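Enquirer: Have a look at this one before I ask anything.
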Amino acid sequence: MLKKILTTLLFLITLQTINPWAMIPLGNTSIWWIVNTVVLFFIIKERKKYFNDPIKNYYILYAYLVWNIICIIRGAFIAENYWEWKNLITMGFVLLLPVSIYISTNRVIVQTIFNQYIRFILPAFFIFAIVISKVAYGIYLIPISFILLFFPLLTKKWKIGILILSAIAVTSSFAARSNVIKFVVPLMLTSLYYLRPFVGKNILGLGRVLLLGLPIILFGLGITGVFNVFKISDYVKGDYKTYNSGIGKQEDLTADTRTGLYVEVLASAITNNYVWFGRTPARGNDSILFGAEIEAQTGTGKFERYVNEVSVLNVFTWTGLIGVFLYFLLFLKATYLALYKSKSWYMKILAVYLSFRWTYAWVEDFSRFDLSYIFLWLIIGMCYSSSFRNMTDGEFKYWIRGVFDIRYRKATLKRVKVIKQ
């Protein structure tokens with residue numbers, strides 16, 4: 001029964017994920033709201049069955065979730081029109097996704113989710129590939145990027161299969177730079193397993209600190225005018241263009257598409273005095289770049305952009321500096337536990353990967369109720385989980401192979417039952 005529920009929910013979330021790039025409508029807002037409600041209800045309903053960790057490790061995550069709920073409630077008092085209520089509900093679901101920690105800390109549930117994706121959702125890709133833009137191939141296949149983190153543990157057959165799928169995700173559209181990065185980085189990080197005789201915990205710890213601190217340092221350099229990392233053309237010479245099937249024209253890969261967003265979001269927060277507490281998910285940031293076009297569509301008289309491509313800008317707009325700080329602490333705690341309080345080398349790789357995702361949240365990482373963001377929370381849950389952190393490399397081998405082979409799943413389930421007894 002559990003497998004059927006997870007398969008159904010995964011399928012519906014997948015449809016919601018690829019819908020913006022589909023040539024035919026796969027659903028509408030009302031349907032997605034129902035799906036999201038069912039997903040969150042299922043997680044909360046099953047929490048007592050699958051969540052057995054000490055509460056003390058989760059104080060930061062609870063604080064972040066409570067603050068998000070407070071911001072959602074505040075949004076209900078300031079929403080003034082249909083579009084603001086729509087944004088409040090849609091983005092409210094995104095801010096409630098931390099509740100997924102209740103099931104993502106359970107090794108059997110996480111293994112089952114990956115297994116159901118491989119068995120049912122992945123084969124459907126070759127059907128949906130016909131009706132979605134090539135830009136969305138990597139978005140559909142994003143769970144494969146997480147499996148890449150355990151690449152050395154896969155059988156030869158699945159190593160070949162995962163590499164082929166990753167190649168499809170990367171080469172289908174180079175204009176989708178985020179897809180390229182999200183697949184290449186895990187492949188690079190998994191090589192750390194082969195280099196473990198030369199790369200110790202101290203080096204990984206240094207990498208963690210650099211990745212967690214890098215965006216903050218670069219942000220400071222950017223607002224002071226010393227160095228803008230997004231102005232790639234200033235330090236990368238050459239003509240780097242590719243065809244973007246999503247917009248139907250050539251796109252410059254070195255183009256700065258982020259500085260303008262940062263300027264607008266920060267200026268809006270300062271002008272409207274919501275730097276600390278945010279504008280709630282009911283509202284967006286004042287926008288010169290996109291505001292006129294959005295106002296023409298909505299007729300609200302407000303020149304606001306409700307959602308940006310950069311995850312941390314959304315967190316800031318909706319929940320303020322307080323929300324960003326709690327979000328940072330969440331990553332800080334998760335990566336610390338995975339790196340220094342775990343037995344497996346793979347948990348340490350997850351710590352570095354999660355540090356990278358914090359850095360990348362300052363570049364892109366859309367804030368959506370989709371496969372990418374949900375599987376990110378699965379990884380966060382794994383890092384917090386004492387069950388995952390107590391696993392050895394040998395146990396991880398059985399766990400990841402259990403995603404593909406029922407014999408290993410049975411061994412994993414038997415091992416978990418023995419531990420509980």
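Within each chain, counting starts at residue 1; across the structure tokens, chains are named A, B, ... in the order shown, with ligands numbered 1 upward in that order.
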Near Phe42 of chain A, within 10 Å and counting only C-alpha atoms, which residues show up once chain neighbours fewer than 4 positions away are dropped, as JSON, numbers by chain?
Expert: {"A": [5, 6, 9, 36, 37, 38, 46, 47, 100, 103]}
Enquirer: May I have the residues within 9 Å of Trp67 of chain A as a list in words, using only C-alpha atoms and disregarding those fewer than 2 positions away in the same chain?
Expert: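 Final neighbour list, sorted by chain and number: Tyr62, Ala63, Tyr64, Leu65, Ile69, Ile70, Cys71, Ile72, Thr319, Ile322, Gly323 and Leu326 of chain A.
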Enquirer: Export, as a short mmCIF file (atom, residue, chain, number, x, y, z; two decimals), in the first residue's frame, the selected residues with all heavy atoms.
Expert:
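Contents of out_24.cif, freshly written:
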data_model
loop_
_atom_site.label_atom_id
_atom_site.label_comp_id
_atom_site.auth_asym_id
_atom_site.auth_seq_id
_atom_site.Cartn_x
_atom_site.Cartn_y
_atom_site.Cartn_z
N TYR A 62 12.95 23.06 13.18
CA TYR A 62 11.63 23.44 13.69
C TYR A 62 11.49 24.96 13.74
O TYR A 62 10.42 25.50 13.44
CB TYR A 62 11.43 22.85 15.09
CG TYR A 62 11.17 21.37 15.10
CD1 TYR A 62 11.62 20.56 16.14
CD2 TYR A 62 10.47 20.76 14.06
CE1 TYR A 62 11.38 19.19 16.14
CE2 TYR A 62 10.23 19.40 14.06
CZ TYR A 62 10.69 18.61 15.10
OH TYR A 62 10.46 17.26 15.10
N ALA A 63 12.56 25.64 14.12
CA ALA A 63 12.52 27.10 14.17
C ALA A 63 12.28 27.69 12.79
O ALA A 63 11.49 28.63 12.63
CB ALA A 63 13.84 27.64 14.75
N TYR A 64 12.95 27.10 11.77
CA TYR A 64 12.76 27.57 10.40
C TYR A 64 11.33 27.31 9.93
O TYR A 64 10.69 28.18 9.33
CB TYR A 64 13.75 26.85 9.47
CG TYR A 64 13.60 27.21 8.02
CD1 TYR A 64 13.84 28.51 7.57
CD2 TYR A 64 13.21 26.25 7.08
CE1 TYR A 64 13.71 28.84 6.23
CE2 TYR A 64 13.09 26.57 5.74
CZ TYR A 64 13.33 27.87 5.32
OH TYR A 64 13.18 28.20 4.00
N LEU A 65 10.79 26.15 10.24
CA LEU A 65 9.44 25.81 9.85
C LEU A 65 8.41 26.71 10.54
O LEU A 65 7.47 27.19 9.91
CB LEU A 65 9.15 24.34 10.16
CG LEU A 65 7.76 23.80 9.78
CD1 LEU A 65 7.52 23.96 8.29
CD2 LEU A 65 7.63 22.34 10.19
N ILE A 69 5.74 29.33 8.86
CA ILE A 69 4.30 29.30 9.14
C ILE A 69 3.82 30.68 9.59
O ILE A 69 2.75 31.15 9.17
CB ILE A 69 3.98 28.24 10.21
CG1 ILE A 69 4.25 26.84 9.64
CG2 ILE A 69 2.54 28.36 10.68
CD1 ILE A 69 4.11 25.72 10.66
N ILE A 70 4.63 31.35 10.40
CA ILE A 70 4.28 32.70 10.84
C ILE A 70 4.18 33.64 9.64
O ILE A 70 3.25 34.46 9.54
CB ILE A 70 5.33 33.23 11.85
CG1 ILE A 70 5.22 32.47 13.17
CG2 ILE A 70 5.15 34.73 12.09
CD1 ILE A 70 6.32 32.79 14.16
N CYS A 71 5.12 33.50 8.69
CA CYS A 71 5.10 34.36 7.50
C CYS A 71 3.89 34.05 6.62
O CYS A 71 3.32 34.97 6.00
CB CYS A 71 6.40 34.18 6.71
SG CYS A 71 7.86 34.86 7.53
N ILE A 72 3.50 32.79 6.56
CA ILE A 72 2.31 32.42 5.80
C ILE A 72 1.06 33.04 6.44
O ILE A 72 0.19 33.59 5.74
CB ILE A 72 2.16 30.89 5.72
CG1 ILE A 72 3.30 30.29 4.88
CG2 ILE A 72 0.81 30.49 5.13
CD1 ILE A 72 3.37 28.77 4.93
N THR A 319 10.47 35.75 3.66
CA THR A 319 10.68 35.55 5.10
C THR A 319 11.74 36.47 5.70
O THR A 319 12.02 36.38 6.90
CB THR A 319 11.06 34.09 5.40
OG1 THR A 319 12.32 33.79 4.77
CG2 THR A 319 10.01 33.14 4.85
N ILE A 322 15.64 37.16 8.68
CA ILE A 322 15.47 36.13 9.71
C ILE A 322 15.32 34.77 9.03
O ILE A 322 15.94 33.78 9.46
CB ILE A 322 14.23 36.45 10.58
CG1 ILE A 322 14.48 37.71 11.41
CG2 ILE A 322 13.90 35.26 11.49
CD1 ILE A 322 13.29 38.14 12.23
N GLY A 323 14.53 34.71 7.98
CA GLY A 323 14.34 33.45 7.27
C GLY A 323 15.62 32.96 6.61
O GLY A 323 15.93 31.77 6.65
N LEU A 326 17.96 31.55 9.33
CA LEU A 326 17.53 30.22 9.79
C LEU A 326 17.78 29.17 8.72
O LEU A 326 18.16 28.03 9.03
CB LEU A 326 16.04 30.26 10.15
CG LEU A 326 15.67 31.06 11.41
CD1 LEU A 326 14.15 31.15 11.56
CD2 LEU A 326 16.28 30.42 12.65
#
Enquirer: In Å to one decimal, how far is atom CA of Tyr306 of chain A from atom CA of Arg258 of chain A?
Expert: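 Distance between the two atoms: 15.9 Å.
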Enquirer: For segment 333-417 of chain A against segment 82-92 of chain A, with a cut-off of 9 Å and counting only C-alpha atoms, what is the closest atom pair and its distance in Å to one decimal for every residue that makes the cut, ordered by chain and number, as CSV?
Expert:
residue,atom,partner,partner_atom,distance
A:Ser367,CA,A:Met91,CA,8.0
A:Arg368,CA,A:Met91,CA,7.5
A:Phe369,CA,A:Met91,CA,8.2
Enquirer: Pull all heavy atoms from the residues just selected and write them as a short mmCIF file (atom, residue, chain, number, x, y, z; two decimals), in the first residue's frame.
Expert:
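To be explicit, this is the file written out as again.cif:
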data_model
loop_
_atom_site.label_atom_id
_atom_site.label_comp_id
_atom_site.auth_asym_id
_atom_site.auth_seq_id
_atom_site.Cartn_x
_atom_site.Cartn_y
_atom_site.Cartn_z
N SER A 367 12.42 28.00 -6.40
CA SER A 367 11.62 27.64 -5.22
C SER A 367 10.27 27.13 -5.70
O SER A 367 9.33 27.90 -5.89
CB SER A 367 11.45 28.86 -4.31
OG SER A 367 12.71 29.36 -3.91
N ARG A 368 10.19 25.82 -5.89
CA ARG A 368 8.97 25.21 -6.38
C ARG A 368 8.67 23.92 -5.62
O ARG A 368 9.57 23.30 -5.05
CB ARG A 368 9.08 24.86 -7.87
CG ARG A 368 9.20 26.04 -8.82
CD ARG A 368 8.93 25.57 -10.24
NE ARG A 368 9.10 26.65 -11.21
CZ ARG A 368 10.07 26.70 -12.10
NH1 ARG A 368 10.97 25.74 -12.13
NH2 ARG A 368 10.15 27.69 -12.95
N PHE A 369 7.43 23.52 -5.66
CA PHE A 369 7.03 22.23 -5.10
C PHE A 369 7.26 21.21 -6.21
O PHE A 369 6.32 20.75 -6.88
CB PHE A 369 5.55 22.27 -4.69
CG PHE A 369 5.18 21.27 -3.65
CD1 PHE A 369 5.02 21.64 -2.32
CD2 PHE A 369 4.97 19.93 -3.98
CE1 PHE A 369 4.66 20.71 -1.35
CE2 PHE A 369 4.61 19.00 -3.02
CZ PHE A 369 4.46 19.39 -1.70
#
Enquirer: Kindly indicate which residue among A:Phe198, A:Phe375, A:Phe125, A:Tyr346 lies nearest to Pro152 of chain A, using only C-alpha atoms for the distances.
Expert: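 The answer is A:Tyr346, which sits nearest to Pro152 of chain A.
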Enquirer: Please, which residues of segment 193-394 of chain A, numbered as in this document, come out alpha helix (DSSP H) from DSSP, as a ChimeraX atom specification?
Expert: /A:201-223,259-272,291-298,311-340,345-360,371-384,386-389,393-394
Enquirer: Do you have the atom CA of Phe325 of chain A-atom CA of Ala361 of chain A distance handy?
Expert: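 Taking atom CA of Phe325 of chain A and atom CA of Ala361 of chain A, their separation equals 13.3 Å.
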Enquirer: Where does DSSP see strand (DSSP E) in segment 164-380 of chain A, if you list the residues as a ChimeraX atom specification?
Expert: /A:241-244,249-252,285-286,304-305
Enquirer: Report the distance between atom CA of Asp365 of chain A and atom CA of Phe316 of chain A in Å, rounded to one decimal place.
Expert: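 Straight-line distance from atom CA of Asp365 of chain A to atom CA of Phe316 of chain A works out to 13.9 Å.
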Enquirer: Which of these residues is nearest to Ile400 of chain A, using only C-alpha atoms: A:Arg107, A:Lys182, A:Arg283, A:Arg305?
Expert: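 Of A:Arg107, A:Lys182, A:Arg283, A:Arg305, the one nearest Ile400 of chain A, counting only C-alpha atoms, is A:Arg107.
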Enquirer: For each of A:Phe128, A:Phe151, A:Trp345, A:Trp32, take the minimum atom-to-atom distance to Arg196 of chain A, counting only C-alpha atoms, then give the residue where this is smallest.
Expert: A:Trp345
Enquirer: Could you give me, as JSON lines, every segment 268-374 of chain A residue with an atom at most 10 Å from segment 201-211 of chain A, plus its closest atom pair and distance in Å to one decimal, counting only C-alpha atoms, rows ordered by chain then number?
Expert:
{"residue": "A:Leu332", "atom": "CA", "partner": "A:Arg208", "partner_atom": "CA", "distance": 9.1}
{"residue": "A:Thr335", "atom": "CA", "partner": "A:Arg208", "partner_atom": "CA", "distance": 7.6}
{"residue": "A:Tyr336", "atom": "CA", "partner": "A:Gly205", "partner_atom": "CA", "distance": 8.7}
{"residue": "A:Leu339", "atom": "CA", "partner": "A:Gly205", "partner_atom": "CA", "distance": 7.4}
{"residue": "A:Tyr340", "atom": "CA", "partner": "A:Lys201", "partner_atom": "CA", "distance": 8.1}
{"residue": "A:Trp345", "atom": "CA", "partner": "A:Lys201", "partner_atom": "CA", "distance": 9.3}
{"residue": "A:Lys348", "atom": "CA", "partner": "A:Leu204", "partner_atom": "CA", "distance": 7.6}
{"residue": "A:Ile349", "atom": "CA", "partner": "A:Leu204", "partner_atom": "CA", "distance": 8.2}
{"residue": "A:Ala351", "atom": "CA", "partner": "A:Arg208", "partner_atom": "CA", "distance": 7.3}
{"residue": "A:Val352", "atom": "CA", "partner": "A:Arg208", "partner_atom": "CA", "distance": 5.5}
{"residue": "A:Tyr353", "atom": "CA", "partner": "A:Arg208", "partner_atom": "CA", "distance": 8.6}
{"residue": "A:Leu354", "atom": "CA", "partner": "A:Arg208", "partner_atom": "CA", "distance": 8.8}
{"residue": "A:Ser355", "atom": "CA", "partner": "A:Leu211", "partner_atom": "CA", "distance": 5.6}
{"residue": "A:Phe356", "atom": "CA", "partner": "A:Leu211", "partner_atom": "CA", "distance": 5.8}
{"residue": "A:Arg357", "atom": "CA", "partner": "A:Leu211", "partner_atom": "CA", "distance": 8.8}
{"residue": "A:Trp358", "atom": "CA", "partner": "A:Leu211", "partner_atom": "CA", "distance": 7.6}
{"residue": "A:Thr359", "atom": "CA", "partner": "A:Leu211", "partner_atom": "CA", "distance": 6.0}
{"residue": "A:Tyr360", "atom": "CA", "partner": "A:Leu211", "partner_atom": "CA", "distance": 9.2}
Enquirer: My list of candidates is A:Phe388, A:Tyr262, A:Phe227, A:Phe183. Which is closest to Val312 of chain A when distances are computed with only C-alpha atoms?
Expert: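 For Val312 of chain A, the nearest of the candidates is A:Tyr262.
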Enquirer: Find, counting only C-alpha atoms, the residue in A:Arg74, A:Lys56, A:Lys49, A:Lys333 that gets nearest to Trp318 of chain A.
Expert: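 Among A:Arg74, A:Lys56, A:Lys49, A:Lys333, it is A:Arg74 that comes nearest to Trp318 of chain A.
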Enquirer: Which of these, A:Thr392, A:Asn28, A:Ser268, A:Ser387, has the shortest distance to Phe51 of chain A once you count only C-alpha atoms?
Expert: A:Ser387
Enquirer: Taking 4 positions as the minimum chain separation for residues in the same chain, which residues sit within 12 Å of Ser178 of chain A when counting only C-alpha atoms? Answer as a compact mmCIF listing (two decimals) with N, CA, C and O atoms, in the first residue's frame.
Expert:
# COMPACT_ATOMS: atom_id res chain seq x y z
N VAL A 135 14.77 21.40 -22.64
CA VAL A 135 15.26 22.09 -21.45
C VAL A 135 14.81 21.36 -20.19
O VAL A 135 15.50 21.37 -19.17
N ALA A 136 13.66 20.70 -20.27
CA ALA A 136 13.08 20.04 -19.10
C ALA A 136 13.58 18.62 -18.89
O ALA A 136 13.22 17.99 -17.90
N TYR A 137 14.40 18.09 -19.80
CA TYR A 137 14.88 16.71 -19.64
C TYR A 137 15.64 16.55 -18.33
O TYR A 137 15.41 15.59 -17.57
N GLY A 138 16.54 17.46 -18.08
CA GLY A 138 17.32 17.39 -16.84
C GLY A 138 16.48 17.61 -15.61
O GLY A 138 16.78 17.07 -14.53
N ILE A 139 15.41 18.38 -15.75
CA ILE A 139 14.50 18.63 -14.63
C ILE A 139 13.74 17.36 -14.27
O ILE A 139 13.56 17.03 -13.10
N ILE A 142 16.20 14.81 -12.55
CA ILE A 142 16.99 15.33 -11.44
C ILE A 142 17.26 14.31 -10.33
O ILE A 142 18.35 14.33 -9.72
N SER A 145 20.62 12.68 -10.53
CA SER A 145 21.80 13.42 -10.08
C SER A 145 22.14 13.09 -8.63
O SER A 145 23.31 13.10 -8.23
N ALA A 169 20.61 14.31 -19.79
CA ALA A 169 20.23 15.50 -19.04
C ALA A 169 21.15 16.68 -19.34
O ALA A 169 20.69 17.82 -19.48
N VAL A 170 22.43 16.40 -19.48
CA VAL A 170 23.42 17.46 -19.67
C VAL A 170 23.44 17.97 -21.11
O VAL A 170 23.49 19.18 -21.36
N SER A 173 20.22 20.15 -23.58
CA SER A 173 20.15 21.60 -23.76
C SER A 173 21.22 22.27 -22.90
O SER A 173 21.06 22.38 -21.68
N PHE A 174 22.29 22.72 -23.52
CA PHE A 174 23.34 23.41 -22.76
C PHE A 174 22.87 24.77 -22.27
O PHE A 174 23.50 25.38 -21.39
N LYS A 182 23.99 20.73 -12.00
CA LYS A 182 23.44 19.81 -11.00
C LYS A 182 23.80 18.35 -11.28
O LYS A 182 23.65 17.50 -10.40
N PHE A 183 24.24 18.04 -12.50
CA PHE A 183 24.68 16.68 -12.80
C PHE A 183 26.20 16.56 -12.75
O PHE A 183 26.72 15.53 -12.32
N VAL A 184 26.90 17.57 -13.18
CA VAL A 184 28.36 17.51 -13.21
C VAL A 184 28.94 17.55 -11.80
O VAL A 184 29.88 16.80 -11.49
N VAL A 185 28.40 18.40 -10.94
CA VAL A 185 28.93 18.53 -9.58
C VAL A 185 28.83 17.22 -8.79
O VAL A 185 29.82 16.80 -8.17
N LEU A 253 25.78 32.28 -23.07
CA LEU A 253 26.02 31.57 -21.81
C LEU A 253 26.77 32.42 -20.79
O LEU A 253 26.79 32.09 -19.60
N GLU A 309 14.22 33.42 -10.00
CA GLU A 309 14.95 32.19 -10.29
C GLU A 309 15.93 31.81 -9.17
O GLU A 309 16.34 30.66 -9.07
N VAL A 310 16.32 32.78 -8.36
CA VAL A 310 17.32 32.56 -7.31
C VAL A 310 16.62 32.21 -6.00
O VAL A 310 15.87 33.01 -5.45
N ARG A 357 24.85 23.00 -2.47
CA ARG A 357 23.48 23.43 -2.74
C ARG A 357 23.15 24.73 -2.03
O ARG A 357 22.33 25.52 -2.51
N TYR A 360 24.71 27.24 -4.30
CA TYR A 360 23.96 27.35 -5.55
C TYR A 360 22.61 28.03 -5.36
O TYR A 360 22.04 28.57 -6.32
N ALA A 361 22.10 28.02 -4.13
CA ALA A 361 20.84 28.72 -3.84
C ALA A 361 20.97 30.22 -4.08
O ALA A 361 19.97 30.92 -4.24
N VAL A 363 22.57 31.34 -6.67
CA VAL A 363 22.71 31.48 -8.12
C VAL A 363 21.41 31.14 -8.83
O VAL A 363 20.95 31.87 -9.71
N GLU A 364 20.80 30.01 -8.40
CA GLU A 364 19.53 29.64 -9.01
C GLU A 364 18.71 28.79 -8.03
O GLU A 364 18.34 29.27 -6.99
N ASP A 365 18.38 27.56 -8.38
CA ASP A 365 17.54 26.69 -7.55
C ASP A 365 16.14 27.28 -7.35
O ASP A 365 15.86 27.92 -6.34
N PHE A 366 15.29 27.09 -8.32
CA PHE A 366 13.93 27.60 -8.25
C PHE A 366 13.23 27.13 -6.98
O PHE A 366 13.40 25.99 -6.55
N SER A 372 13.08 18.59 -7.85
CA SER A 372 14.38 19.08 -7.42
C SER A 372 14.37 19.50 -5.96
O SER A 372 15.24 19.12 -5.17
Enquirer: Might you pull out every residue within 8 Å of Asn308 of chain A, with only C-alpha atoms counted and same-chain residues fewer than 5 positions away left off, and present them as a count of residues only?
Expert: 4
Enquirer: Report as a ChimeraX atom specification all protein, DNA and RNA residues lying within 9 Å of Leu122 of chain A, evaluated on only C-alpha atoms, omitting residues in the same chain fewer than 6 positions from it.
Expert: /A:116,140-141
Enquirer: Next, the residues of the selection above should be written as a CSV table (one decimal), in the first residue's frame with N, CA, C and O atoms.
Expert:
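This went into part.csv:
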chain,number,residue,atom,x,y,z
A,116,GLN,N,10.8,3.6,-6.4
A,116,GLN,CA,9.5,3.8,-7.2
A,116,GLN,C,9.8,4.8,-8.3
A,116,GLN,O,9.2,4.6,-9.4
A,140,TYR,N,13.3,16.6,-15.3
A,140,TYR,CA,12.6,15.4,-15.1
A,140,TYR,C,13.6,14.3,-14.4
A,140,TYR,O,13.2,13.5,-13.6
A,141,LEU,N,14.8,14.3,-14.9
A,141,LEU,CA,15.8,13.3,-14.5
A,141,LEU,C,16.6,13.7,-13.2
A,141,LEU,O,17.5,13.0,-12.8
Enquirer: Quick one: residues within 12 Å of Tyr58 of chain A, only C-alpha atoms counted, chain neighbours fewer than 4 positions away excluded, as a list in words?
Expert: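 The filter keeps Phe51, Asn52, Asp53, Pro54, Tyr62, Ala63, Tyr64, Leu65, Pro98, Val99, Ile101, Tyr102, Thr105, Leu329, Leu330, Phe331, Lys333, Ala334, Leu337, Ile380, Gly381, Cys383, Tyr384, Ser385 and Ser386 of chain A.
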